[in-house]
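Working notes, structure below.
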Amino acid sequence: MKKRILVLALTLCIALPVLAGAMPDHVIGRGMFVELLAQASGEDLAQYENADCPFSDVGKENTAVRWAYAKWLVNGDENSLFRPDDRITRQEAAAILGRYLEYQYTTLPPGCGTGAPSMQNIPKWAQDGVKKCWMYGVIDTGDRAEFYPNAEVMDSEAETWIANANKLAVGAIGEPETLSFADSLVQNVEREGNFMLSPYSARMCLAMLANGARGQTQRELLNALGIAELTAFNREVKSQLETYDGYARIMSLDTANSIWLNQTQYGGVGAFKPAFEAAMRENYRAEVRKVTDDNSVEQVNQWVKDKTKGKIPTILTEDDRDFVTALVNAVYFKAAWQNEFNEAATKKEPFTNADGTKTQTDFMHQTDMFGYYSTPGIEAVKMDYRNYAVDNEAGDNWETFHDADFSMYLIKAAGKLNAQHFLDSATFSDSQVQVAVPKFKIEFSAALNDALKALGVKTVYDAGRADLSGIASSTPQGNLFLDTVLQKTYIVIDEKGTEAAAVTAAMNAGGAMPSRRPPLVREFTADSPFWFAIRDNANGEILFVGRYESAK
């Protein structure tokens, strides 16, 4: 009896390390492979319970296969069977993962990894997936040059390959050789919390200043603004304003400029230089105003309020009352979505703020054709503004403005974003997209002085070296120099469209698929911090750009 107990004890001691170790590797079935992939996607599979599915051997409860079919990842066979219990081969797994990459990313980097296995023994329906998996390191073959397409997949291999497909880190958008004015401005002004800038407004205002600058002062301004030749740029501004006038039936895109001279600082006899005033009137449509210390703040603020339809009621404070000259740009934008959101679909949902807290806020929902782009680290949707006008409900006076091409871009980026560079580089694909985006409002203001100095605009701030002699004569107190550049912005996003405004003021002082199946629907859910940009796609001009970080 003692021997039997002793033998049993020894057996248990030997068995324990085996039980505590890793489970043995098994060949994985098609259904389990799809299940692992669906779970790794992070999507809510419950929504696919009633999704279309042609497979007679897949029950309603198998939401993973229904998800995979909706995403065009699996096809089934000629008998409408999925065969979930069949063992999956390497070529089948590669085909599914290749399609998964196409679903996840509309654009992948042009080359990662080297070479490709021989396609001689791989069927055409699997070749694209095998190439992708090899090129991007999804399926690791070690030092082997052969792919072994018909070999069965072990569950540990499946987990590794799926993890590899979800952690691609090399995006298709590289770093710019040089930063544009818009991206440089954002990088130097960006701060925590919700913010928005108008590179268009800032550039317009500072270009007016450059027209009155001379020598090194002017060169620094033009270099920062990315303006190669000022006279040509002035002509472009004039043409652009005329073009925007022509869109009055479909949107409000009003750009107003003004130049102000404080007569108190000139003893009542001040005047702008004739050439400067003429250039401002001719190219920038600038209103020429004269004020005194007594009414300067009130007059400028009233002009700003009028030009922004009351959205930005003030730009100056009492501390600015004794400015010598001021150059002011105001932009007002209001446009309707090409695809309006149904107000009945708006509902409260959580937005994850930048600090990790969650806030219930109104989310707009819509599934329609949108431009969509995705590469590792960046996902974006392009929502167009309406470019047609209808005078009445009967639609008997329909007019389309084919040259008007304006969009708002919503961009989720894992790291920093150079919005101008990204939008100039990315190619958006027209796709069915299920969009969820919060309604939001942002009001933001900032002094741009430090940002401009970081861009090399320094001499104009130096009272002893600044040369703004092209604007007006020196005051009795001394030469003109730049005191401050201020910008205020405003934006509201709702189901109908967008209303935005900006004011910038520069003040001087002294495989074969089945023939019929549901379309692929992508998803873009802006439920965590995201970037947004309003862009004139015809010329690449970014009118507004900002970041929404908090729904608090």
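Labeling convention for the structure tokens: chains A, B, ... as they appear, residues from 1 per chain, ligands from 1 in order of appearance.
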*Please provide as a list in words all residues within 6 Å of stretch 378-387 of chain A, with the sequence filter that same-chain residues fewer than 5 positions apart are discarded (counting only C-alpha atoms).*
Ala336, Trp337, Gln338, Phe370, Gly371, Tyr372, Tyr373, Thr400, Phe401, Ala404, Phe406, Ser407, Met408, Tyr409, Leu410, Ile411, Lys412 and Ala413 of chain A
_Residues near A:Trp72, cut-off 9 Å, only C-alpha atoms, skip fewer than 5 positions along chain, as a PyMOL selection string_ = chain A and resi 67+96+99-100+103+513+517-520
Restricted to C-alpha atoms, what would the selected residues look like written as a PDB file, in the first residue's frame?
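New file again.pdb:
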```
ATOM      1  CA  TRP A  67     -18.320  39.984 -40.541  1.00  0.00           C
ATOM      2  CA  ILE A  96      -7.745  36.262 -46.260  1.00  0.00           C
ATOM      3  CA  ARG A  99      -7.849  41.102 -48.257  1.00  0.00           C
ATOM      4  CA  TYR A 100      -7.871  42.163 -44.606  1.00  0.00           C
ATOM      5  CA  TYR A 103      -9.888  46.485 -45.968  1.00  0.00           C
ATOM      6  CA  MET A 513     -15.732  37.260 -55.786  1.00  0.00           C
ATOM      7  CA  ARG A 517     -23.000  40.556 -52.711  1.00  0.00           C
ATOM      8  CA  PRO A 518     -23.351  43.518 -50.321  1.00  0.00           C
ATOM      9  CA  PRO A 519     -20.933  46.414 -50.975  1.00  0.00           C
ATOM     10  CA  LEU A 520     -17.932  46.830 -48.724  1.00  0.00           C
TER      11      LEU A 520
END
```
*asked:* Based on the backbone DSSP call, show me all residues of stretch 136-228 of chain A assigned alpha helix (DSSP H), as number ranges by chain.
replied: A: 155-165, 181-189, 199-211, 215-225
_If I take atom CA of A:Glu220 and atom CA of A:Asp462, how far is one from the other in Å, to one decimal?_
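Interatomic distance, atom CA of A:Glu220 to atom CA of A:Asp462: 12.7 Å.
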*Report as a ChimeraX atom specification: the residues of stretch 221-394 of chain A with a DSSP assignment of strand (DSSP E or B), based on the backbone of this structure.*
/A:251-262,272,287-291,325-337,347-352,358-375,378-385,388-390
*Between atom CA of A:Leu230 and atom CA of A:Val269, what is the spacing in Å?*
29.5 Å
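Ranking A:Ala275, A:Leu482, A:Leu101, A:Val153 by their shortest atom-to-atom distance to A:Ala505, with only C-alpha atoms included, puts A:Leu482 first.
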Show me a table, sorted first by chain and then by increasing residue number, of the residues of stretch 458-513 of chain A having an atom at most 12 Å from stretch 534-540 of chain A, each with its shortest atom pair and the distance in Å to one decimal, counting only C-alpha atoms and written as JSON lines.
```
{"residue": "A:Ile491", "atom": "CA", "partner": "A:Ile534", "partner_atom": "CA", "distance": 10.7}
{"residue": "A:Ile493", "atom": "CA", "partner": "A:Ile534", "partner_atom": "CA", "distance": 11.5}
{"residue": "A:Gly497", "atom": "CA", "partner": "A:Ile534", "partner_atom": "CA", "distance": 11.7}
{"residue": "A:Thr498", "atom": "CA", "partner": "A:Ile534", "partner_atom": "CA", "distance": 9.5}
{"residue": "A:Glu499", "atom": "CA", "partner": "A:Ile534", "partner_atom": "CA", "distance": 10.9}
{"residue": "A:Ala500", "atom": "CA", "partner": "A:Ile534", "partner_atom": "CA", "distance": 9.6}
{"residue": "A:Ala501", "atom": "CA", "partner": "A:Ile534", "partner_atom": "CA", "distance": 11.6}
```
Export all heavy atoms of the chosen residues as a PDB file, in the first residue's frame?
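That gives us part_5.pdb:
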```pdb
ATOM      1  N   ILE A 491     -15.676  77.876 -35.235  1.00  0.00           N
ATOM      2  CA  ILE A 491     -16.239  76.861 -36.124  1.00  0.00           C
ATOM      3  C   ILE A 491     -17.362  76.123 -35.418  1.00  0.00           C
ATOM      4  O   ILE A 491     -17.298  75.882 -34.210  1.00  0.00           O
ATOM      5  CB  ILE A 491     -15.159  75.867 -36.612  1.00  0.00           C
ATOM      6  CG1 ILE A 491     -15.704  74.976 -37.728  1.00  0.00           C
ATOM      7  CG2 ILE A 491     -14.629  75.014 -35.461  1.00  0.00           C
ATOM      8  CD1 ILE A 491     -14.656  74.158 -38.442  1.00  0.00           C
ATOM      9  N   ILE A 493     -19.857  72.647 -36.326  1.00  0.00           N
ATOM     10  CA  ILE A 493     -20.163  71.528 -37.204  1.00  0.00           C
ATOM     11  C   ILE A 493     -21.488  70.923 -36.754  1.00  0.00           C
ATOM     12  O   ILE A 493     -21.647  70.580 -35.575  1.00  0.00           O
ATOM     13  CB  ILE A 493     -19.068  70.436 -37.131  1.00  0.00           C
ATOM     14  CG1 ILE A 493     -17.700  71.014 -37.460  1.00  0.00           C
ATOM     15  CG2 ILE A 493     -19.405  69.266 -38.048  1.00  0.00           C
ATOM     16  CD1 ILE A 493     -17.563  71.503 -38.874  1.00  0.00           C
ATOM     17  N   GLY A 497     -24.112  71.304 -42.043  1.00  0.00           N
ATOM     18  CA  GLY A 497     -22.850  71.687 -42.668  1.00  0.00           C
ATOM     19  C   GLY A 497     -21.913  72.359 -41.682  1.00  0.00           C
ATOM     20  O   GLY A 497     -21.850  71.979 -40.507  1.00  0.00           O
ATOM     21  N   THR A 498     -21.220  73.391 -42.152  1.00  0.00           N
ATOM     22  CA  THR A 498     -20.159  74.026 -41.374  1.00  0.00           C
ATOM     23  C   THR A 498     -20.279  75.541 -41.461  1.00  0.00           C
ATOM     24  O   THR A 498     -20.542  76.098 -42.529  1.00  0.00           O
ATOM     25  CB  THR A 498     -18.774  73.620 -41.922  1.00  0.00           C
ATOM     26  OG1 THR A 498     -18.651  72.205 -41.874  1.00  0.00           O
ATOM     27  CG2 THR A 498     -17.663  74.257 -41.106  1.00  0.00           C
ATOM     28  N   GLU A 499     -20.078  76.188 -40.333  1.00  0.00           N
ATOM     29  CA  GLU A 499     -19.939  77.641 -40.301  1.00  0.00           C
ATOM     30  C   GLU A 499     -18.627  77.939 -39.589  1.00  0.00           C
ATOM     31  O   GLU A 499     -18.374  77.446 -38.495  1.00  0.00           O
ATOM     32  CB  GLU A 499     -21.101  78.299 -39.571  1.00  0.00           C
ATOM     33  CG  GLU A 499     -21.042  79.821 -39.615  1.00  0.00           C
ATOM     34  CD  GLU A 499     -22.261  80.468 -38.984  1.00  0.00           C
ATOM     35  OE1 GLU A 499     -22.861  79.856 -38.074  1.00  0.00           O
ATOM     36  OE2 GLU A 499     -22.605  81.593 -39.383  1.00  0.00           O
ATOM     37  N   ALA A 500     -17.771  78.707 -40.243  1.00  0.00           N
ATOM     38  CA  ALA A 500     -16.458  78.985 -39.668  1.00  0.00           C
ATOM     39  C   ALA A 500     -16.050  80.408 -39.993  1.00  0.00           C
ATOM     40  O   ALA A 500     -16.485  80.994 -40.990  1.00  0.00           O
ATOM     41  CB  ALA A 500     -15.410  78.003 -40.212  1.00  0.00           C
ATOM     42  N   ALA A 501     -15.200  80.953 -39.144  1.00  0.00           N
ATOM     43  CA  ALA A 501     -14.703  82.313 -39.365  1.00  0.00           C
ATOM     44  C   ALA A 501     -13.318  82.438 -38.768  1.00  0.00           C
ATOM     45  O   ALA A 501     -12.945  81.700 -37.853  1.00  0.00           O
ATOM     46  CB  ALA A 501     -15.652  83.341 -38.735  1.00  0.00           C
TER      47      ALA A 501
END
```
_Nearest to A:Pro438, chosen from A:Thr475, A:Val390, A:Phe422, A:Asp494, with only C-alpha atoms counted in the distances_ = A:Asp494
